[in-house]
Amino acid sequence: MALSQDRSQELFQQAQGLFPGGVNSPVRAFRGVGGTPLFIDHAQGGYIWDADGNRYIDYVLSWGPLVLGHAATEVVSAITEQAAKGTSYGAPTALESQLAVLIRELMPSLEMMRFVNSGTEATMSVIRLARAFTGRSKIIKFIGQYHGHADLLLVQAGSGVATLGLPDSPGVPVGSTQDTISLPFNDLGVVEAALAQYPDQIAAVIVEPVAGNMGLVLPQDGYLQGLRDLTTRYGALLIFDEVMTGFRVAMGGAQALYSVTPDLTALGKVIGGGLPVGAYGGRTEIMKHVAPSGTMYQAGTLSGNPLAMAAGLATLRSWSQSGVFERAATATTQLINGIREIAAANNISLQAASVGTMFGFFFTDTPVIDYASAKTSDVARFARCFHALLERGVYIAPSQFEAGFVSAAHDQEVIGATLHAFTEVLALL
Ligand code: HOZ
């Protein structure tokens, strides 16, 4: 039943002489599941085709941003039209303000924002801003959460770092991380203890409000509000990293879903409709510290570049049309409920969850609330599941420690075909 992957194998062999591990980002390398990464030829809607011509239903969706599915007509048109007018000017455009207005309508806590080119840039810059604003140095992050690869945040990180089982990365100087305090997710007691230990030194708590880089792990009831209360009490800023959750767990992100307003937010991916982009923003009083209105320096030639702005605008305009998000969220619920039922019918221990258009599952009996419990998952079983799904034309993230994503293009036919594949696969595991 194995699919031919000859061309992907050839391309991977060539790539290994060109790129470390044959890839340009570690999570693509299939190290968590073994085998040869798919080399992609093209994609459309909810489907992706590899270089051997095999078609897969895609739940990676470029790690989240493609909320409308691949090559959505309106996004392709917006990019094409803008490209004909120029791809970058290094000067302001009306498009930047149009996208910012739309983002602020959907996520009002971003009273002002700054566009950057990736989630890594957004989180790195937002921490610099928090430090500049508070005059404090220390930050709190959570074990198994991933905020990009900036030195100060590469501490007990999730995503590819967790997949590869790396301790903290060599090359990060001790000095860069000595002010980073890393704590278990979903435990308010440890956060309170750290804030009490350093009452005037903690600039910010940065959190993925719904963790998506250790698999999908939901915040427990009251946890985000607890972080809000604690940070306010100790004069630290609360930063939501909504690079994945923004416009995905709800149109207004996790901050709308859980009714907790952070001081600052980092965004990425979705707001560029699949083009490289990021943003950070929040209260005007804080954002005014960014140069040139303030003295906190941060810059970028391609920041707010018109191609990404045009793609982001087209994406968010369609995604925010009445019923579009809701239909994709309903499809996600249907998918995860189906997976849960199939696992139960086969007596497979499974923890499964979804929120909005994100989902995830772990092969364990233990309720998953943090990185330690996520690690109880049977990763060998996950790898077998991944490959058996792939053989049946379903592509999920090639690691237990990543989330899954559903788009507006994942219609009933796609969800039905996916559940059919799960029915066969879970019976084999
Ligand atoms: N946050 C993304 C995956 N969890 C990053 C993708 C990448 O590292 O390539």
# chains A, B, ... in the order shown; residues from 1 in each chain; ligands from 1
>>> residues_near_ligand(ligand="ligand 1", cutoff="12 Å", atoms="only C-alpha atoms and all ligand atoms", output="PyMOL selection string")
chain A and resi 23-30+60-65+118-120+123+144-149+157-164+208+211-216+241-245+267-269+276+397-405
>>> residues_around(residues="A:Val406", least_positions_apart="6", cutoff="10 Å", atoms="only C-alpha atoms", output="list in words")
Gly46, Asp58, Tyr59, Val60, Leu61, Gly64, Leu66, Val67, Leu68, Gly69, Arg248, Ala328, Ala329, Thr330, Ala331, Thr332, Leu335, Gly356, Thr357, Met358, Phe359 and Ile415 of chain A
>>> write_last_selection(atoms="all heavy atoms", output="short mmCIF file (atom, residue, chain, number, x, y, z; two decimals), in the first residue's frame")
data_model
loop_
_atom_site.label_atom_id
_atom_site.label_comp_id
_atom_site.auth_asym_id
_atom_site.auth_seq_id
_atom_site.Cartn_x
_atom_site.Cartn_y
_atom_site.Cartn_z
N GLY A 46 -8.03 22.23 0.30
CA GLY A 46 -7.61 21.42 1.44
C GLY A 46 -6.59 20.35 1.07
O GLY A 46 -6.25 19.51 1.89
N ASP A 58 -4.58 18.09 3.66
CA ASP A 58 -3.52 18.78 4.40
C ASP A 58 -4.05 19.39 5.70
O ASP A 58 -4.90 20.29 5.66
CB ASP A 58 -2.93 19.89 3.51
CG ASP A 58 -1.75 20.59 4.16
OD1 ASP A 58 -1.23 20.06 5.17
OD2 ASP A 58 -1.37 21.67 3.67
N TYR A 59 -3.53 18.90 6.83
CA TYR A 59 -3.87 19.50 8.13
C TYR A 59 -2.69 20.26 8.72
O TYR A 59 -2.71 20.62 9.89
CB TYR A 59 -4.37 18.42 9.11
CG TYR A 59 -5.73 17.90 8.71
CD1 TYR A 59 -5.87 16.69 8.02
CD2 TYR A 59 -6.87 18.64 8.96
CE1 TYR A 59 -7.11 16.22 7.62
CE2 TYR A 59 -8.12 18.19 8.55
CZ TYR A 59 -8.24 16.99 7.88
OH TYR A 59 -9.47 16.55 7.48
N VAL A 60 -1.65 20.49 7.91
CA VAL A 60 -0.52 21.31 8.37
C VAL A 60 -0.77 22.76 7.92
O VAL A 60 -0.60 23.70 8.70
CB VAL A 60 0.82 20.78 7.81
CG1 VAL A 60 1.98 21.64 8.29
CG2 VAL A 60 1.04 19.33 8.23
N LEU A 61 -1.20 22.90 6.67
CA LEU A 61 -1.59 24.23 6.16
C LEU A 61 -0.52 25.28 6.42
O LEU A 61 -0.80 26.36 6.94
CB LEU A 61 -2.94 24.64 6.75
CG LEU A 61 -4.13 23.78 6.29
CD1 LEU A 61 -5.38 24.11 7.10
CD2 LEU A 61 -4.41 23.95 4.80
N GLY A 64 -0.34 26.54 9.87
CA GLY A 64 -1.44 27.32 10.42
C GLY A 64 -2.04 28.45 9.61
O GLY A 64 -3.24 28.69 9.67
N LEU A 66 -2.97 29.17 6.59
CA LEU A 66 -3.85 29.10 5.42
C LEU A 66 -5.28 28.81 5.84
O LEU A 66 -5.85 27.75 5.55
CB LEU A 66 -3.31 28.06 4.44
CG LEU A 66 -1.87 28.36 4.01
CD1 LEU A 66 -1.31 27.23 3.16
CD2 LEU A 66 -1.78 29.67 3.27
N VAL A 67 -5.90 29.78 6.47
CA VAL A 67 -7.26 29.59 7.00
C VAL A 67 -8.28 29.37 5.88
O VAL A 67 -9.31 28.76 6.09
CB VAL A 67 -7.68 30.78 7.89
CG1 VAL A 67 -6.93 30.77 9.21
CG2 VAL A 67 -7.51 32.11 7.17
N LEU A 68 -7.99 29.88 4.69
CA LEU A 68 -8.92 29.70 3.57
C LEU A 68 -8.57 28.46 2.74
O LEU A 68 -9.23 28.16 1.75
CB LEU A 68 -8.90 30.92 2.65
CG LEU A 68 -9.23 32.27 3.30
CD1 LEU A 68 -9.13 33.39 2.28
CD2 LEU A 68 -10.62 32.25 3.93
N GLY A 69 -7.51 27.77 3.12
CA GLY A 69 -6.99 26.67 2.30
C GLY A 69 -5.92 27.21 1.35
O GLY A 69 -5.63 28.41 1.34
N ARG A 248 -7.76 32.04 14.80
CA ARG A 248 -7.97 30.59 14.61
C ARG A 248 -8.80 29.97 15.71
O ARG A 248 -9.65 29.13 15.44
CB ARG A 248 -6.61 29.88 14.51
CG ARG A 248 -6.15 29.75 13.07
CD ARG A 248 -5.39 28.44 12.87
NE ARG A 248 -5.18 28.18 11.46
CZ ARG A 248 -6.01 27.49 10.69
NH1 ARG A 248 -7.11 26.97 11.18
NH2 ARG A 248 -5.74 27.31 9.42
N ALA A 328 -15.78 26.29 9.50
CA ALA A 328 -14.50 25.59 9.67
C ALA A 328 -14.37 25.07 11.10
O ALA A 328 -13.84 23.97 11.32
CB ALA A 328 -13.34 26.52 9.32
N ALA A 329 -14.86 25.85 12.06
CA ALA A 329 -14.79 25.41 13.47
C ALA A 329 -15.70 24.18 13.68
O ALA A 329 -15.33 23.24 14.39
CB ALA A 329 -15.19 26.55 14.40
N THR A 330 -16.86 24.19 13.03
CA THR A 330 -17.76 23.03 13.15
C THR A 330 -17.11 21.79 12.53
O THR A 330 -17.18 20.68 13.09
CB THR A 330 -19.11 23.32 12.44
OG1 THR A 330 -19.67 24.48 13.05
CG2 THR A 330 -20.08 22.17 12.55
N ALA A 331 -16.45 21.97 11.40
CA ALA A 331 -15.74 20.84 10.76
C ALA A 331 -14.65 20.31 11.69
O ALA A 331 -14.43 19.09 11.77
CB ALA A 331 -15.14 21.29 9.43
N THR A 332 -13.99 21.22 12.41
CA THR A 332 -12.92 20.79 13.34
C THR A 332 -13.50 19.95 14.47
O THR A 332 -12.95 18.91 14.84
CB THR A 332 -12.20 22.03 13.91
OG1 THR A 332 -11.89 22.91 12.83
CG2 THR A 332 -10.91 21.64 14.62
N LEU A 335 -14.40 16.59 13.21
CA LEU A 335 -13.19 15.78 13.01
C LEU A 335 -12.71 15.19 14.33
O LEU A 335 -12.48 13.99 14.45
CB LEU A 335 -12.10 16.65 12.37
CG LEU A 335 -10.73 16.00 12.20
CD1 LEU A 335 -10.80 14.89 11.16
CD2 LEU A 335 -9.69 17.04 11.77
N GLY A 356 -11.82 26.15 18.24
CA GLY A 356 -11.92 26.85 16.96
C GLY A 356 -11.50 25.94 15.83
O GLY A 356 -12.08 24.86 15.65
N THR A 357 -10.46 26.31 15.12
CA THR A 357 -10.01 25.53 13.96
C THR A 357 -8.65 24.85 14.20
O THR A 357 -7.95 24.53 13.25
CB THR A 357 -9.95 26.43 12.72
OG1 THR A 357 -9.00 27.48 12.97
CG2 THR A 357 -11.30 27.04 12.39
N MET A 358 -8.32 24.67 15.48
CA MET A 358 -7.09 23.94 15.83
C MET A 358 -7.48 22.65 16.55
O MET A 358 -8.46 22.63 17.28
CB MET A 358 -6.20 24.77 16.77
CG MET A 358 -5.60 26.01 16.12
SD MET A 358 -4.70 27.04 17.31
CE MET A 358 -3.23 26.06 17.64
N PHE A 359 -6.69 21.61 16.34
CA PHE A 359 -6.97 20.35 17.04
C PHE A 359 -5.68 19.60 17.34
O PHE A 359 -4.61 19.94 16.80
CB PHE A 359 -7.92 19.45 16.21
CG PHE A 359 -7.28 18.89 14.95
CD1 PHE A 359 -6.66 17.64 14.96
CD2 PHE A 359 -7.28 19.60 13.77
CE1 PHE A 359 -6.06 17.11 13.81
CE2 PHE A 359 -6.69 19.09 12.61
CZ PHE A 359 -6.08 17.85 12.64
N ILE A 415 -13.58 16.06 5.35
CA ILE A 415 -13.65 15.54 6.73
C ILE A 415 -14.07 14.06 6.69
O ILE A 415 -13.50 13.22 7.40
CB ILE A 415 -14.65 16.37 7.58
CG1 ILE A 415 -14.18 17.84 7.66
CG2 ILE A 415 -14.83 15.76 8.98
CD1 ILE A 415 -12.89 18.09 8.40
#
>>> select_by_dssp(residues="stretch 145-257 of chain A", states="alpha helix (DSSP H)", output="PyMOL selection string")
chain A and resi 160-163+174-177+188-197+223-234+253-257
>>> atom_distance(atom1="atom CA of A:Leu238", atom2="atom CA of A:Ile206")
6.3 Å
>>> select_by_dssp(residues="stretch 146-346 of chain A", states="strand (DSSP E or B)", output="MDAnalysis selection string")
chainID A and resid 180:183 202:207 211 217 237:241 246 250 264:268 278:282 290 296
>>> residues_around(residues="A:Ala51", least_positions_apart="4", cutoff="9 Å", atoms="only C-alpha atoms", output="list of chain:residue names")
A:Gln5, A:Asp6, A:Arg7, A:Ser8, A:Leu11, A:Leu38, A:Phe39, A:Ile40, A:Asp41, A:His42
>>> closest_residue(among="A:Pro219, A:Gly22, A:Gly165, A:Gly171", to="A:Ala254", atoms="only C-alpha atoms")
A:Pro219
>>> closest_atom_pairs(of="stretch 267-345 of chain A", to="stretch 78-94 of chain A", cutoff="6 Å", atoms="only C-alpha atoms", output="tab-separated table")
residue	atom	partner	partner_atom	distance
A:Thr301	CA	A:Gly90	CA	5.6
A:Asn305	CA	A:Ser88	CA	5.5
A:Leu307	CA	A:Ile79	CA	5.7
A:Ala310	CA	A:Ala78	CA	5.6
A:Ala311	CA	A:Ile79	CA	5.8
>>> write_last_selection(atoms="all heavy atoms", output="JSON list (two decimals), in the first residue's frame")
[["chain", "number", "residue", "atom", "x", "y", "z"],
["A", 301, "THR", "N", 13.47, 46.34, 6.64],
["A", 301, "THR", "CA", 13.25, 46.77, 5.26],
["A", 301, "THR", "C", 11.94, 46.25, 4.69],
["A", 301, "THR", "O", 11.19, 46.96, 4.04],
["A", 301, "THR", "CB", 14.41, 46.27, 4.36],
["A", 301, "THR", "OG1", 15.62, 46.85, 4.85],
["A", 301, "THR", "CG2", 14.20, 46.65, 2.91],
["A", 305, "ASN", "N", 5.53, 44.82, 4.06],
["A", 305, "ASN", "CA", 5.69, 44.85, 2.59],
["A", 305, "ASN", "C", 4.35, 44.58, 1.90],
["A", 305, "ASN", "O", 3.50, 43.84, 2.39],
["A", 305, "ASN", "CB", 6.82, 43.94, 2.11],
["A", 305, "ASN", "CG", 6.34, 42.55, 1.84],
["A", 305, "ASN", "OD1", 5.74, 42.29, 0.80],
["A", 305, "ASN", "ND2", 6.57, 41.66, 2.77],
["A", 307, "LEU", "N", 3.11, 42.97, -0.61],
["A", 307, "LEU", "CA", 2.59, 41.65, -1.00],
["A", 307, "LEU", "C", 1.94, 40.96, 0.20],
["A", 307, "LEU", "O", 0.83, 40.42, 0.11],
["A", 307, "LEU", "CB", 3.72, 40.75, -1.51],
["A", 307, "LEU", "CG", 4.22, 40.94, -2.92],
["A", 307, "LEU", "CD1", 5.21, 39.82, -3.25],
["A", 307, "LEU", "CD2", 3.08, 40.93, -3.92],
["A", 310, "ALA", "N", -1.30, 42.73, 1.20],
["A", 310, "ALA", "CA", -2.41, 42.43, 0.28],
["A", 310, "ALA", "C", -2.95, 41.02, 0.54],
["A", 310, "ALA", "O", -4.17, 40.81, 0.58],
["A", 310, "ALA", "CB", -1.93, 42.56, -1.17],
["A", 311, "ALA", "N", -2.04, 40.07, 0.75],
["A", 311, "ALA", "CA", -2.48, 38.69, 1.01],
["A", 311, "ALA", "C", -3.21, 38.62, 2.35],
["A", 311, "ALA", "O", -4.24, 37.93, 2.47],
["A", 311, "ALA", "CB", -1.26, 37.76, 1.02]]
>>> closest_residue(among="A:Leu313, A:Ala408, A:Ala388, A:Ile348", to="A:Gln98", atoms="only C-alpha atoms")
A:Leu313
>>> residues_around(residues="A:Val368", least_positions_apart="2", cutoff="12 Å", atoms="only C-alpha atoms", output="ChimeraX atom specification")
/A:185-186,211,214-220,350-353,360-366,370-377,401
>>> residues_around(residues="A:Ala308", least_positions_apart="6", cutoff="9 Å", atoms="only C-alpha atoms", output="list of chain:residue names")
A:Ile79, A:Asn117, A:Ile271, A:Gly272, A:Gly273, A:Gly274, A:Leu275, A:Pro276, A:Val277
>>> decode(residues="stretch 236-266 of chain A", atoms="N, CA, C and O atoms", output="PDB file, in the first residue's frame")
ATOM      1  N   ALA A 236       3.816  43.577  36.113  1.00  0.00           N
ATOM      2  CA  ALA A 236       4.440  42.984  34.918  1.00  0.00           C
ATOM      3  C   ALA A 236       3.421  43.039  33.780  1.00  0.00           C
ATOM      4  O   ALA A 236       2.213  43.101  34.011  1.00  0.00           O
ATOM      5  N   LEU A 237       3.913  43.010  32.553  1.00  0.00           N
ATOM      6  CA  LEU A 237       2.993  43.008  31.405  1.00  0.00           C
ATOM      7  C   LEU A 237       2.615  41.567  31.051  1.00  0.00           C
ATOM      8  O   LEU A 237       3.417  40.639  31.235  1.00  0.00           O
ATOM      9  N   LEU A 238       1.404  41.419  30.544  1.00  0.00           N
ATOM     10  CA  LEU A 238       0.963  40.104  30.063  1.00  0.00           C
ATOM     11  C   LEU A 238       0.996  40.131  28.538  1.00  0.00           C
ATOM     12  O   LEU A 238       0.359  40.988  27.906  1.00  0.00           O
ATOM     13  N   ILE A 239       1.773  39.207  27.966  1.00  0.00           N
ATOM     14  CA  ILE A 239       1.893  39.134  26.500  1.00  0.00           C
ATOM     15  C   ILE A 239       1.269  37.826  26.023  1.00  0.00           C
ATOM     16  O   ILE A 239       1.656  36.744  26.479  1.00  0.00           O
ATOM     17  N   PHE A 240       0.327  37.929  25.113  1.00  0.00           N
ATOM     18  CA  PHE A 240      -0.218  36.731  24.464  1.00  0.00           C
ATOM     19  C   PHE A 240       0.512  36.530  23.138  1.00  0.00           C
ATOM     20  O   PHE A 240       0.528  37.438  22.292  1.00  0.00           O
ATOM     21  N   ASP A 241       1.103  35.363  22.979  1.00  0.00           N
ATOM     22  CA  ASP A 241       1.660  34.988  21.684  1.00  0.00           C
ATOM     23  C   ASP A 241       0.516  34.306  20.916  1.00  0.00           C
ATOM     24  O   ASP A 241       0.220  33.132  21.142  1.00  0.00           O
ATOM     25  N   GLU A 242      -0.111  35.073  20.049  1.00  0.00           N
ATOM     26  CA  GLU A 242      -1.257  34.540  19.280  1.00  0.00           C
ATOM     27  C   GLU A 242      -0.859  34.314  17.818  1.00  0.00           C
ATOM     28  O   GLU A 242      -1.674  34.436  16.902  1.00  0.00           O
ATOM     29  N   VAL A 243       0.416  33.984  17.630  1.00  0.00           N
ATOM     30  CA  VAL A 243       0.886  33.702  16.269  1.00  0.00           C
ATOM     31  C   VAL A 243       0.051  32.566  15.650  1.00  0.00           C
ATOM     32  O   VAL A 243      -0.338  32.633  14.485  1.00  0.00           O
ATOM     33  N   MET A 244      -0.251  31.554  16.444  1.00  0.00           N
ATOM     34  CA  MET A 244      -1.081  30.456  15.930  1.00  0.00           C
ATOM     35  C   MET A 244      -2.559  30.661  16.248  1.00  0.00           C
ATOM     36  O   MET A 244      -3.424  30.347  15.434  1.00  0.00           O
ATOM     37  N   THR A 245      -2.842  31.145  17.459  1.00  0.00           N
ATOM     38  CA  THR A 245      -4.244  31.181  17.900  1.00  0.00           C
ATOM     39  C   THR A 245      -5.021  32.371  17.331  1.00  0.00           C
ATOM     40  O   THR A 245      -6.251  32.324  17.258  1.00  0.00           O
ATOM     41  N   GLY A 246      -4.297  33.419  16.929  1.00  0.00           N
ATOM     42  CA  GLY A 246      -4.958  34.618  16.421  1.00  0.00           C
ATOM     43  C   GLY A 246      -5.810  34.299  15.210  1.00  0.00           C
ATOM     44  O   GLY A 246      -5.308  33.720  14.239  1.00  0.00           O
ATOM     45  N   PHE A 247      -7.085  34.607  15.277  1.00  0.00           N
ATOM     46  CA  PHE A 247      -8.043  34.388  14.182  1.00  0.00           C
ATOM     47  C   PHE A 247      -8.313  32.896  13.924  1.00  0.00           C
ATOM     48  O   PHE A 247      -8.977  32.545  12.971  1.00  0.00           O
ATOM     49  N   ARG A 248      -7.765  32.044  14.803  1.00  0.00           N
ATOM     50  CA  ARG A 248      -7.970  30.595  14.605  1.00  0.00           C
ATOM     51  C   ARG A 248      -8.804  29.965  15.709  1.00  0.00           C
ATOM     52  O   ARG A 248      -9.646  29.130  15.443  1.00  0.00           O
ATOM     53  N   VAL A 249      -8.535  30.343  16.975  1.00  0.00           N
ATOM     54  CA  VAL A 249      -9.357  29.731  18.039  1.00  0.00           C
ATOM     55  C   VAL A 249     -10.688  30.470  18.153  1.00  0.00           C
ATOM     56  O   VAL A 249     -11.678  29.945  18.660  1.00  0.00           O
ATOM     57  N   ALA A 250     -10.686  31.713  17.688  1.00  0.00           N
ATOM     58  CA  ALA A 250     -11.904  32.533  17.548  1.00  0.00           C
ATOM     59  C   ALA A 250     -11.477  33.686  16.654  1.00  0.00           C
ATOM     60  O   ALA A 250     -10.275  33.947  16.511  1.00  0.00           O
ATOM     61  N   MET A 251     -12.415  34.379  16.054  1.00  0.00           N
ATOM     62  CA  MET A 251     -12.000  35.491  15.183  1.00  0.00           C
ATOM     63  C   MET A 251     -11.136  36.484  15.951  1.00  0.00           C
ATOM     64  O   MET A 251     -10.173  37.013  15.433  1.00  0.00           O
ATOM     65  N   GLY A 252     -11.497  36.741  17.196  1.00  0.00           N
ATOM     66  CA  GLY A 252     -10.713  37.691  18.009  1.00  0.00           C
ATOM     67  C   GLY A 252      -9.580  37.035  18.763  1.00  0.00           C
ATOM     68  O   GLY A 252      -9.009  37.651  19.678  1.00  0.00           O
ATOM     69  N   GLY A 253      -9.242  35.796  18.414  1.00  0.00           N
ATOM     70  CA  GLY A 253      -8.146  35.097  19.066  1.00  0.00           C
ATOM     71  C   GLY A 253      -8.528  34.584  20.447  1.00  0.00           C
ATOM     72  O   GLY A 253      -9.694  34.672  20.874  1.00  0.00           O
ATOM     73  N   ALA A 254      -7.517  34.072  21.157  1.00  0.00           N
ATOM     74  CA  ALA A 254      -7.773  33.521  22.494  1.00  0.00           C
ATOM     75  C   ALA A 254      -8.225  34.617  23.441  1.00  0.00           C
ATOM     76  O   ALA A 254      -8.986  34.377  24.375  1.00  0.00           O
ATOM     77  N   GLN A 255      -7.780  35.843  23.203  1.00  0.00           N
ATOM     78  CA  GLN A 255      -8.167  36.933  24.109  1.00  0.00           C
ATOM     79  C   GLN A 255      -9.666  37.185  24.057  1.00  0.00           C
ATOM     80  O   GLN A 255     -10.268  37.552  25.063  1.00  0.00           O
ATOM     81  N   ALA A 256     -10.283  36.960  22.898  1.00  0.00           N
ATOM     82  CA  ALA A 256     -11.738  37.099  22.801  1.00  0.00           C
ATOM     83  C   ALA A 256     -12.412  35.853  23.368  1.00  0.00           C
ATOM     84  O   ALA A 256     -13.369  35.951  24.144  1.00  0.00           O
ATOM     85  N   LEU A 257     -11.887  34.705  23.013  1.00  0.00           N
ATOM     86  CA  LEU A 257     -12.520  33.451  23.441  1.00  0.00           C
ATOM     87  C   LEU A 257     -12.576  33.330  24.963  1.00  0.00           C
ATOM     88  O   LEU A 257     -13.580  32.897  25.529  1.00  0.00           O
ATOM     89  N   TYR A 258     -11.482  33.717  25.619  1.00  0.00           N
ATOM     90  CA  TYR A 258     -11.417  33.549  27.081  1.00  0.00           C
ATOM     91  C   TYR A 258     -11.668  34.871  27.826  1.00  0.00           C
ATOM     92  O   TYR A 258     -11.538  34.924  29.047  1.00  0.00           O
ATOM     93  N   SER A 259     -11.976  35.930  27.075  1.00  0.00           N
ATOM     94  CA  SER A 259     -12.275  37.241  27.677  1.00  0.00           C
ATOM     95  C   SER A 259     -11.175  37.701  28.635  1.00  0.00           C
ATOM     96  O   SER A 259     -11.446  38.123  29.765  1.00  0.00           O
ATOM     97  N   VAL A 260      -9.945  37.596  28.184  1.00  0.00           N
ATOM     98  CA  VAL A 260      -8.808  38.081  28.973  1.00  0.00           C
ATOM     99  C   VAL A 260      -8.002  38.999  28.061  1.00  0.00           C
ATOM    100  O   VAL A 260      -7.584  38.585  26.974  1.00  0.00           O
ATOM    101  N   THR A 261      -7.799  40.237  28.480  1.00  0.00           N
ATOM    102  CA  THR A 261      -7.112  41.201  27.614  1.00  0.00           C
ATOM    103  C   THR A 261      -5.646  41.332  28.024  1.00  0.00           C
ATOM    104  O   THR A 261      -5.345  41.767  29.134  1.00  0.00           O
ATOM    105  N   PRO A 262      -4.746  40.942  27.123  1.00  0.00           N
ATOM    106  CA  PRO A 262      -3.320  41.109  27.427  1.00  0.00           C
ATOM    107  C   PRO A 262      -2.903  42.563  27.217  1.00  0.00           C
ATOM    108  O   PRO A 262      -3.619  43.336  26.583  1.00  0.00           O
ATOM    109  N   ASP A 263      -1.719  42.909  27.723  1.00  0.00           N
ATOM    110  CA  ASP A 263      -1.185  44.250  27.463  1.00  0.00           C
ATOM    111  C   ASP A 263      -0.635  44.332  26.044  1.00  0.00           C
ATOM    112  O   ASP A 263      -0.746  45.359  25.379  1.00  0.00           O
ATOM    113  N   LEU A 264      -0.008  43.233  25.640  1.00  0.00           N
ATOM    114  CA  LEU A 264       0.621  43.190  24.311  1.00  0.00           C
ATOM    115  C   LEU A 264       0.340  41.831  23.665  1.00  0.00           C
ATOM    116  O   LEU A 264       0.143  40.833  24.376  1.00  0.00           O
ATOM    117  N   THR A 265       0.362  41.825  22.342  1.00  0.00           N
ATOM    118  CA  THR A 265       0.076  40.589  21.598  1.00  0.00           C
ATOM    119  C   THR A 265       1.082  40.454  20.462  1.00  0.00           C
ATOM    120  O   THR A 265       1.422  41.454  19.813  1.00  0.00           O
ATOM    121  N   ALA A 266       1.533  39.223  20.242  1.00  0.00           N
ATOM    122  CA  ALA A 266       2.348  38.935  19.052  1.00  0.00           C
ATOM    123  C   ALA A 266       1.486  38.154  18.068  1.00  0.00           C
ATOM    124  O   ALA A 266       0.789  37.214  18.452  1.00  0.00           O
TER     125      ALA A 266
END
